[in-house]
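Q: Please find one structure pasted underneath; my questions will follow.
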Amino acid sequence: MVGTIAPVVYRNSSLSWRKAATVYTLGSISGGALTGVTVGFLGSFLPASSYHSYVPLFIGLVAISYSLHEMHIVALPHPEWRRQVPAHWRYRFHPYITAGAFGLLLGAGFTTFISTTSYYVVWLTVSLYGSPALGAFLFAIYGAARASLLWPLSKWAATFDLMPRLSQYVDLTKPMMRQVNGFALAMFGAYSIFVYLSPPR
Amino acid sequence: MNINQKSAHDRSVLSREFHLNLPSKAFRLGWLLAGLVVGYVASGIHVSSIWPLLFITALAGVSGNWTA
């Protein structure tokens, strides 16, 4: 995405890269919030009263399980929609509209590849608590975080020479990112389980 | 150094500096255990539940940039 909404793409153009990046970021936050509201709303139909007290325990166990998956110790299901954003939109629509539309799709998270399974834990938490408000809040955070890297990495996409190197570095650091997620999921899972097991304060 | 040699050079430098190859299973298990310990400590110091949730959400978002 940094290569698509990049200063180099808007060079020598009357269009503004910063405006496109802003539209993309707002689209990503909106896409996330919409997803969160939907997931929370659908989760509200679950019989929460029968399992509500066990939610932290269950989420903790799932998080630790997927931590093992991220660490390549076990292999768990990794459902995802194996597609990218429609590249032809870049030529079909105005650049600002494309930026916003790409943001909506990527901020939703599930409409393209899901690179790390932390996403599932967030999805599960929102659906089990069945709260559209929580969903909107969390997934808006997700959308904002998803768009965040565009801004500091933009300098790498300022010229065509640097863009392949940026892609290369992203590709090379992917295993490291999976390890970081594995650690974070283990941490989150342990926290949830031990909070559940600890006596009421 | 042409562009292809430069890419191979960069790749080897990154691999050495950041250990980007998958670490051993023992290291990964130790890394996971460290995560469990940090989570346990966080549960004991009464961190509000929202903060770990926000952290994992933000991490999921940032990680989403490392697409397949």
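Ligands are numbered from 1 in the order shown, chains are lettered A, B, ... in the order of the structure tokens, and residues start at 1 in each chain.
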Any idea what's packed within 10 Å of stretch 73-87 of chain A, counting only C-alpha atoms, ignoring anything in its chain fewer than 4 positions away? Could you give it as a VMD selection string?

A: (chain A and resid 1 4 65 to 69 91 to 92 98 101 to 103 105 to 106 109 to 117 120) or (chain B and resid 25 28 to 29 67 to 68)

Q: Could you write those residues out with N, CA and C atoms, as a JSON list (two decimals), in the first residue's frame?

A:
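File written: result-v3.json
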```
[["chain", "number", "residue", "atom", "x", "y", "z"],
["A", 1, "MET", "N", 0.83, -1.20, 0.00],
["A", 1, "MET", "CA", 0.00, 0.00, 0.00],
["A", 1, "MET", "C", 0.86, 1.25, 0.00],
["A", 4, "THR", "N", 1.49, 2.29, -3.39],
["A", 4, "THR", "CA", 0.35, 2.82, -4.13],
["A", 4, "THR", "C", 0.05, 4.25, -3.73],
["A", 65, "SER", "N", -2.83, -20.52, 22.01],
["A", 65, "SER", "CA", -2.81, -21.50, 20.91],
["A", 65, "SER", "C", -2.27, -20.86, 19.64],
["A", 66, "TYR", "N", -2.75, -19.66, 19.34],
["A", 66, "TYR", "CA", -2.28, -19.00, 18.13],
["A", 66, "TYR", "C", -0.89, -18.42, 18.30],
["A", 67, "SER", "N", -0.47, -18.26, 19.54],
["A", 67, "SER", "CA", 0.93, -17.90, 19.77],
["A", 67, "SER", "C", 1.83, -19.04, 19.31],
["A", 68, "LEU", "N", 1.41, -20.26, 19.62],
["A", 68, "LEU", "CA", 2.16, -21.44, 19.15],
["A", 68, "LEU", "C", 2.16, -21.50, 17.62],
["A", 69, "HIS", "N", 1.06, -21.10, 17.02],
["A", 69, "HIS", "CA", 0.96, -21.08, 15.56],
["A", 69, "HIS", "C", 1.91, -20.05, 14.97],
["A", 91, "TYR", "N", -6.80, 2.85, -11.71],
["A", 91, "TYR", "CA", -6.93, 3.45, -13.05],
["A", 91, "TYR", "C", -8.37, 3.83, -13.36],
["A", 92, "ARG", "N", -9.26, 3.28, -12.54],
["A", 92, "ARG", "CA", -10.68, 3.47, -12.83],
["A", 92, "ARG", "C", -11.26, 4.68, -12.11],
["A", 98, "THR", "N", -9.85, 6.20, -4.74],
["A", 98, "THR", "CA", -9.15, 4.92, -4.64],
["A", 98, "THR", "C", -8.49, 4.77, -3.28],
["A", 101, "ALA", "N", -11.17, 4.08, -0.72],
["A", 101, "ALA", "CA", -11.72, 2.73, -0.89],
["A", 101, "ALA", "C", -10.74, 1.66, -0.43],
["A", 102, "PHE", "N", -9.47, 1.85, -0.77],
["A", 102, "PHE", "CA", -8.44, 0.91, -0.31],
["A", 102, "PHE", "C", -8.38, 0.91, 1.22],
["A", 103, "GLY", "N", -8.49, 2.10, 1.78],
["A", 103, "GLY", "CA", -8.46, 2.22, 3.24],
["A", 103, "GLY", "C", -9.61, 1.46, 3.87],
["A", 105, "LEU", "N", -11.26, -1.11, 2.71],
["A", 105, "LEU", "CA", -11.05, -2.56, 2.59],
["A", 105, "LEU", "C", -9.97, -3.05, 3.54],
["A", 106, "LEU", "N", -8.85, -2.35, 3.60],
["A", 106, "LEU", "CA", -7.74, -2.80, 4.44],
["A", 106, "LEU", "C", -8.04, -2.58, 5.92],
["A", 109, "GLY", "N", -9.92, -5.43, 7.42],
["A", 109, "GLY", "CA", -9.01, -6.51, 7.79],
["A", 109, "GLY", "C", -9.30, -7.83, 7.11],
["A", 110, "PHE", "N", -10.55, -8.25, 7.09],
["A", 110, "PHE", "CA", -10.87, -9.58, 6.60],
["A", 110, "PHE", "C", -11.02, -9.64, 5.08],
["A", 111, "THR", "N", -11.02, -8.50, 4.41],
["A", 111, "THR", "CA", -11.27, -8.50, 2.96],
["A", 111, "THR", "C", -10.02, -8.85, 2.15],
["A", 112, "THR", "N", -8.89, -8.93, 2.80],
["A", 112, "THR", "CA", -7.64, -9.28, 2.13],
["A", 112, "THR", "C", -6.90, -10.30, 3.01],
["A", 113, "PHE", "N", -5.68, -10.62, 2.60],
["A", 113, "PHE", "CA", -4.88, -11.55, 3.40],
["A", 113, "PHE", "C", -4.79, -11.09, 4.85],
["A", 114, "ILE", "N", -4.83, -12.04, 5.77],
["A", 114, "ILE", "CA", -4.63, -11.74, 7.19],
["A", 114, "ILE", "C", -3.25, -12.25, 7.55],
["A", 115, "SER", "N", -2.33, -11.33, 7.76],
["A", 115, "SER", "CA", -0.92, -11.73, 7.90],
["A", 115, "SER", "C", -0.59, -12.32, 9.27],
["A", 116, "THR", "N", -1.26, -11.87, 10.31],
["A", 116, "THR", "CA", -0.99, -12.46, 11.63],
["A", 116, "THR", "C", -2.30, -12.76, 12.33],
["A", 117, "THR", "N", -2.28, -13.77, 13.18],
["A", 117, "THR", "CA", -3.51, -14.26, 13.79],
["A", 117, "THR", "C", -3.96, -13.45, 15.00],
["A", 120, "TYR", "N", -7.53, -12.47, 14.71],
["A", 120, "TYR", "CA", -8.60, -13.39, 15.13],
["A", 120, "TYR", "C", -8.95, -13.18, 16.60],
["B", 25, "LYS", "N", 13.86, -23.95, 17.36],
["B", 25, "LYS", "CA", 12.62, -24.24, 18.08],
["B", 25, "LYS", "C", 12.78, -23.93, 19.57],
["B", 28, "ARG", "N", 12.37, -20.28, 20.04],
["B", 28, "ARG", "CA", 10.98, -19.88, 19.89],
["B", 28, "ARG", "C", 10.16, -20.26, 21.12],
["B", 29, "LEU", "N", 10.42, -21.44, 21.66],
["B", 29, "LEU", "CA", 9.71, -21.86, 22.88],
["B", 29, "LEU", "C", 10.09, -20.96, 24.06],
["B", 67, "THR", "N", 1.67, -8.01, 4.51],
["B", 67, "THR", "CA", 0.77, -8.90, 3.80],
["B", 67, "THR", "C", 1.56, -9.94, 3.03],
["B", 68, "ALA", "N", 0.84, -11.03, 2.65],
["B", 68, "ALA", "CA", 1.48, -12.14, 1.92],
["B", 68, "ALA", "C", 2.04, -11.66, 0.59]]
```

Q: Counting only C-alpha atoms, give me one row per residue of chain B with an atom at most 6 Å from an atom of chain A, showing the shortest contact pair and its distance in Å to one decimal, sorted by chain then residue number, as CSV.

A:
```
residue,atom,partner,partner_atom,distance
B:Leu32,CA,A:Phe183,CA,5.4
B:Gly35,CA,A:Met187,CA,4.3
B:Leu36,CA,A:Met187,CA,4.9
B:Val38,CA,A:Met187,CA,5.8
B:Gly39,CA,A:Met187,CA,4.1
B:Tyr40,CA,A:Tyr191,CA,5.4
B:Ser43,CA,A:Tyr191,CA,5.1
B:Thr57,CA,A:Tyr142,CA,5.6
B:Ala58,CA,A:Tyr142,CA,5.4
B:Ala60,CA,A:Ser118,CA,5.2
B:Gly61,CA,A:Arg146,CA,4.2
B:Val62,CA,A:Arg146,CA,4.8
B:Gly64,CA,A:Ser115,CA,5.6
B:Thr67,CA,A:Ser115,CA,5.3
```

Q: Please, could you write that set of residues out with C-alpha atoms as an mmCIF file, in the first residue's frame?

A:
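Saved result, part.cif, follows:
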```cif
data_model
loop_
_atom_site.group_PDB
_atom_site.id
_atom_site.type_symbol
_atom_site.label_atom_id
_atom_site.label_comp_id
_atom_site.auth_asym_id
_atom_site.auth_seq_id
_atom_site.Cartn_x
_atom_site.Cartn_y
_atom_site.Cartn_z
ATOM 1 C CA LEU B 32 6.875 -17.899 24.022
ATOM 2 C CA GLY B 35 5.582 -13.908 26.788
ATOM 3 C CA LEU B 36 3.675 -16.071 29.233
ATOM 4 C CA VAL B 38 5.221 -11.138 31.120
ATOM 5 C CA GLY B 39 1.498 -11.803 30.884
ATOM 6 C CA TYR B 40 1.479 -13.378 34.322
ATOM 7 C CA SER B 43 -2.006 -9.815 35.651
ATOM 8 C CA THR B 57 -5.357 -4.731 18.596
ATOM 9 C CA ALA B 58 -2.799 -2.113 17.604
ATOM 10 C CA ALA B 60 -2.674 -6.686 14.784
ATOM 11 C CA GLY B 61 -3.231 -3.514 12.792
ATOM 12 C CA VAL B 62 0.427 -2.689 12.320
ATOM 13 C CA GLY B 64 -1.461 -6.223 8.795
ATOM 14 C CA THR B 67 0.775 -8.900 3.799
#
```

Q: Would you pick out the contacts of A:Tyr51 at 10 Å or less, using only C-alpha atoms, so that residues sharing its chain but fewer than 5 positions from it are not included, and give the list as a short mmCIF file (atom, residue, chain, number, x, y, z; two decimals) with C-alpha atoms, in the first residue's frame?

A:
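Generated file (result-v9.cif):
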```
data_model
loop_
_atom_site.label_atom_id
_atom_site.label_comp_id
_atom_site.auth_asym_id
_atom_site.auth_seq_id
_atom_site.Cartn_x
_atom_site.Cartn_y
_atom_site.Cartn_z
CA LEU A 46 -25.01 -15.23 21.09
CA PHE A 58 -11.44 -18.96 26.44
CA LEU A 128 -18.00 -13.01 22.42
CA TYR A 129 -18.70 -9.82 24.34
#
```

Q: Kindly give the distance, in Å, that separates atom CA of A:Lys19 and atom CA of A:Leu153, rounded to a single decimal.

A: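 Rounded to one decimal, the two atoms are 16.0 Å apart.
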